[in-house]
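Structure, as structure tokens:
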Amino acid sequence: MPLTALIASYDHILLDLDGCVWVGDEPTPGAIDAIAALRAAGKGVAFVTNDTQLVDEEYVRKLWRLGFQASLEEVVTAGGAMQFVLAERFAGHAAVVIGSPALHRHVEGAGLRIVNDTTFASRADVVVVAFHRGFDYDELRQATQAALRGAFLVGSNRDATFPTEDGLWPGSGAVIAALETASGRTVQTVGKPEPTLVQTALDRLGPGRALMIGDRVDADLGAAHAAGIDGAIVLTGASDRETAQAASKPSPVAIAERLQTLVLGAS
Ligand SMILES: [Mg+2]
């Protein structure tokens with residue numbers, strides 16, 4: 001299937017996952033054909049996600065399970081970025097983690113000891129924070145006490161919500177806001193709109209013109225801008241057309257109903 005002229009003009013396409021490639025456990029309509037067409041045309045592809053509910057290998061498996069080709073090198077996640085930051089600076093230190101089992105594995109993979117629910121929790125050196133479905137008051141209390149004692153605070157992202165089959169759910173931004181409100185401190189985030197994930201993907205893809213496609217004006221378009229590449233918005237996730245059209249600094253190069261229509265045109 002031929003690509004649209006816009007997409008054909010790029011060498012590399014960076015794809016957000018939630019709300020762009022899939023919503024929950026369902027590919028967005030036509031996304032499988034769209035990504036297959038990108039590969040057939042020889043485009044570099046990367047999957048760039050703020051989600052920390054799975055580790056990188058699990059995203060590769062989910063992509064294959066839903067019908068997409070993917071390799072580990074193509075997947076760039078906020079969890080992976082946090083693991084990198086923590087391994088560089090805090091290996092051997094103690095951490096309180098608010099996050100999914102996958103995020104716990106990233107923290108352990110960086111060489112930190114997780115001290116949640118121990119007498120050491122309030123004296124942890126690091127607090128790692130992201131949305132997860134088991135978020136509760138006890139871990140917020142432990143993280144707050146460690147933060148008040150000066151722990152380094154690192155978080156996934158400030159996305160207020162994320163799209164599910166059941167509408168928008170509160171995201172990591174909401175959980176981080178709770179910790180910041182309680183502690184009076186600021187969490188350093190690694191995910192979009194910070195440029196780190198996009199830069200990591202671009203490093204792996206090599207030289208060429210690149211486009212970031214995602215559903216969030218703040219996170220996806222913001223990260224594209226911060227990393228110095230173009231951004232496009234699809235309307236299958238968090239941002240509606242009005243929000244996307246109102247975006248300036250910069251404006252998206254395209255606003256499309258979904259990934260399929262952006263990549264392959266109206267069907
Ligand atoms: Mg998204």
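By convention in this document, the chains of the structure tokens carry letters A, B, ... by their order, each chain's residues are numbered from 1, and ligands are numbered from 1 in the order they are shown.
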- Query: Which neighbours of region 237-246 of chain A fall inside 8 Å, counting only C-alpha atoms, when residues of the same chain fewer than 2 positions from it are skipped, and could you give them as number ranges by chain?
  - Reply: A: 18-20, 23, 161-163, 168, 215-217, 233-235, 248, 251-252, 255
- List the neighbours of Gly191 (chain A) out to 10 Å using only C-alpha atoms; skip same-chain residues closer than 2 positions along the sequence, and give me the result as a ChimeraX atom specification. /A:48-52,76-82,155-159,188-189,193-198,219-220,223
Written selection (C-alpha atoms) as a CSV table (one decimal), in the first residue's frame:
chain,number,residue,atom,x,y,z
A,48,VAL,CA,8.3,5.3,22.1
A,49,THR,CA,6.1,5.0,25.3
A,50,ASN,CA,5.7,6.7,28.6
A,51,ASP,CA,3.9,3.6,29.9
A,52,THR,CA,5.7,1.7,32.7
A,76,VAL,CA,12.0,2.9,23.9
A,77,THR,CA,10.3,3.2,27.3
A,78,ALA,CA,10.2,5.5,30.2
A,79,GLY,CA,10.9,2.5,32.4
A,80,GLY,CA,14.1,1.7,30.4
A,81,ALA,CA,15.1,5.4,30.7
A,82,MET,CA,14.6,5.4,34.5
A,155,GLY,CA,9.2,9.7,37.8
A,156,SER,CA,8.0,8.4,34.5
A,157,ASN,CA,6.0,11.3,33.1
A,158,ARG,CA,3.4,13.9,33.8
A,159,ASP,CA,0.6,12.6,31.6
A,188,GLN,CA,12.3,14.8,37.9
A,189,THR,CA,10.6,13.0,35.0
A,193,PRO,CA,7.7,15.6,26.8
A,194,GLU,CA,11.3,15.5,28.0
A,195,PRO,CA,13.4,14.8,24.9
A,196,THR,CA,15.3,11.7,26.3
A,197,LEU,CA,13.1,8.9,24.8
A,198,VAL,CA,12.9,10.5,21.4
A,219,ALA,CA,3.7,14.7,25.7
A,220,ASP,CA,4.1,13.6,22.1
A,223,ALA,CA,8.8,15.6,23.1
- Using only C-alpha atoms, determine which residues lie at most 10 Å from Arg65 (chain A), disregarding the query and same-chain residues fewer than 5 positions distant; provide the list as an MDAnalysis selection string. chainID A and resid 25 59:60
- Given the choices A:Leu211, A:Leu17, A:Ile229, A:Leu205, which gets closest to ligand 1 if the distance is worked out from only C-alpha atoms and all ligand atoms? A:Leu17
- Given the choices A:His106, A:Arg258, A:Lys62, A:Arg185, which gets closest to Gln83 (chain A) if the distance is worked out from only C-alpha atoms?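 Once distances to Gln83 (chain A) are computed over only C-alpha atoms, the minimum belongs to A:His106.
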Would you list the contacts of Ile114 (chain A) as a short mmCIF file (atom, residue, chain, number, x, y, z; two decimals) with C-alpha atoms, in the first residue's frame, taking every protein, DNA or RNA residue within 8 Å and counting only C-alpha atoms, but skipping same-chain residues closer than 3 positions in sequence?
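out00.cif was written with the following content:
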data_model
loop_
_atom_site.label_atom_id
_atom_site.label_comp_id
_atom_site.auth_asym_id
_atom_site.auth_seq_id
_atom_site.Cartn_x
_atom_site.Cartn_y
_atom_site.Cartn_z
CA ALA A 94 17.85 1.94 48.55
CA ALA A 95 14.63 2.90 46.76
CA VAL A 96 10.95 3.24 47.53
CA VAL A 97 9.00 2.42 44.37
CA HIS A 104 10.08 -2.78 40.19
CA VAL A 107 14.66 -0.58 39.50
CA GLU A 108 16.15 -3.92 40.54
#
- Give me the residues within 7 Å of Val187 (chain A) as number ranges by chain, counting only C-alpha atoms and dropping any in the same chain fewer than 4 places off. A: 153-155, 180
- as a PyMOL selection string, which residues of region 10-97 of chain A does DSSP assign to helix (DSSP H, G or I)? chain A and resi 31-40+56-66+72-74+78-90
Take the residues that were just selected and, keeping C-alpha atoms, output them as a PDB file, in the first residue's frame.
ATOM      1  CA  ALA A  31      -2.678   0.301  12.528  1.00  0.00           C
ATOM      2  CA  ILE A  32      -1.325  -3.141  11.604  1.00  0.00           C
ATOM      3  CA  ASP A  33      -1.535  -2.326   7.866  1.00  0.00           C
ATOM      4  CA  ALA A  34      -0.087   1.131   8.441  1.00  0.00           C
ATOM      5  CA  ILE A  35       3.019  -0.105  10.243  1.00  0.00           C
ATOM      6  CA  ALA A  36       3.479  -2.967   7.776  1.00  0.00           C
ATOM      7  CA  ALA A  37       3.409  -0.385   4.969  1.00  0.00           C
ATOM      8  CA  LEU A  38       6.051   1.716   6.759  1.00  0.00           C
ATOM      9  CA  ARG A  39       8.308  -1.329   6.918  1.00  0.00           C
ATOM     10  CA  ALA A  40       7.627  -2.268   3.293  1.00  0.00           C
ATOM     11  CA  ASP A  56      10.627  -3.476  27.208  1.00  0.00           C
ATOM     12  CA  GLU A  57      10.597  -7.194  26.289  1.00  0.00           C
ATOM     13  CA  GLU A  58       6.920  -7.372  27.228  1.00  0.00           C
ATOM     14  CA  TYR A  59       6.097  -4.513  24.862  1.00  0.00           C
ATOM     15  CA  VAL A  60       7.784  -6.469  22.059  1.00  0.00           C
ATOM     16  CA  ARG A  61       5.684  -9.505  22.951  1.00  0.00           C
ATOM     17  CA  LYS A  62       2.476  -7.459  23.130  1.00  0.00           C
ATOM     18  CA  LEU A  63       3.193  -5.922  19.718  1.00  0.00           C
ATOM     19  CA  TRP A  64       3.641  -9.386  18.167  1.00  0.00           C
ATOM     20  CA  ARG A  65       0.560 -10.722  19.981  1.00  0.00           C
ATOM     21  CA  LEU A  66      -1.591  -7.920  18.535  1.00  0.00           C
ATOM     22  CA  LEU A  72      13.663  -4.953  21.235  1.00  0.00           C
ATOM     23  CA  GLU A  73      15.904  -2.257  19.693  1.00  0.00           C
ATOM     24  CA  GLU A  74      12.799  -0.511  18.354  1.00  0.00           C
ATOM     25  CA  ALA A  78      10.191   5.512  30.231  1.00  0.00           C
ATOM     26  CA  GLY A  79      10.931   2.489  32.436  1.00  0.00           C
ATOM     27  CA  GLY A  80      14.052   1.735  30.439  1.00  0.00           C
ATOM     28  CA  ALA A  81      15.134   5.367  30.687  1.00  0.00           C
ATOM     29  CA  MET A  82      14.595   5.367  34.456  1.00  0.00           C
ATOM     30  CA  GLN A  83      16.626   2.155  34.729  1.00  0.00           C
ATOM     31  CA  PHE A  84      19.462   3.876  32.852  1.00  0.00           C
ATOM     32  CA  VAL A  85      19.383   6.975  35.098  1.00  0.00           C
ATOM     33  CA  LEU A  86      19.235   4.865  38.263  1.00  0.00           C
ATOM     34  CA  ALA A  87      22.025   2.487  37.186  1.00  0.00           C
ATOM     35  CA  GLU A  88      24.314   5.429  36.395  1.00  0.00           C
ATOM     36  CA  ARG A  89      23.778   7.260  39.661  1.00  0.00           C
ATOM     37  CA  PHE A  90      22.252   5.026  42.326  1.00  0.00           C
TER      38      PHE A  90
END
- Query: What are the DSSP strand (DSSP E) residues of region 156-226 of chain A, as a list in words?
  - Reply: Thr161, Phe162, Pro163, Thr164, Gly167, Leu168, Trp169, Pro170, Gln188, Thr189, Ala210, Leu211, Met212, Ile213 and Gly214 of chain A
- Message: Taking only C-alpha atoms into account, name the residue in A:Ile213, A:Gly24, A:Pro101, A:Asp230 that is nearest to Phe47 (chain A).
- Response: A:Ile213
- Task: Find the residue from A:Leu148, A:Ala102, A:Ala210, A:Leu15 that sits nearest to Arg123 (chain A); use only C-alpha atoms when measuring.
- Result: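 Selected residue with least distance to Arg123 (chain A): A:Leu148.
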- For CA of Lys43 (chain A) and CA of Phe68 (chain A), the interatomic separation in Å (one decimal):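 Spanning CA of Lys43 (chain A) to CA of Phe68 (chain A) is a straight-line distance of 14.9 Å.
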- Take CA of Arg105 (chain A) and CA of Leu54 (chain A) and report the distance between them in Å, one decimal.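 Rounded to one decimal, the two atoms are 9.5 Å apart.
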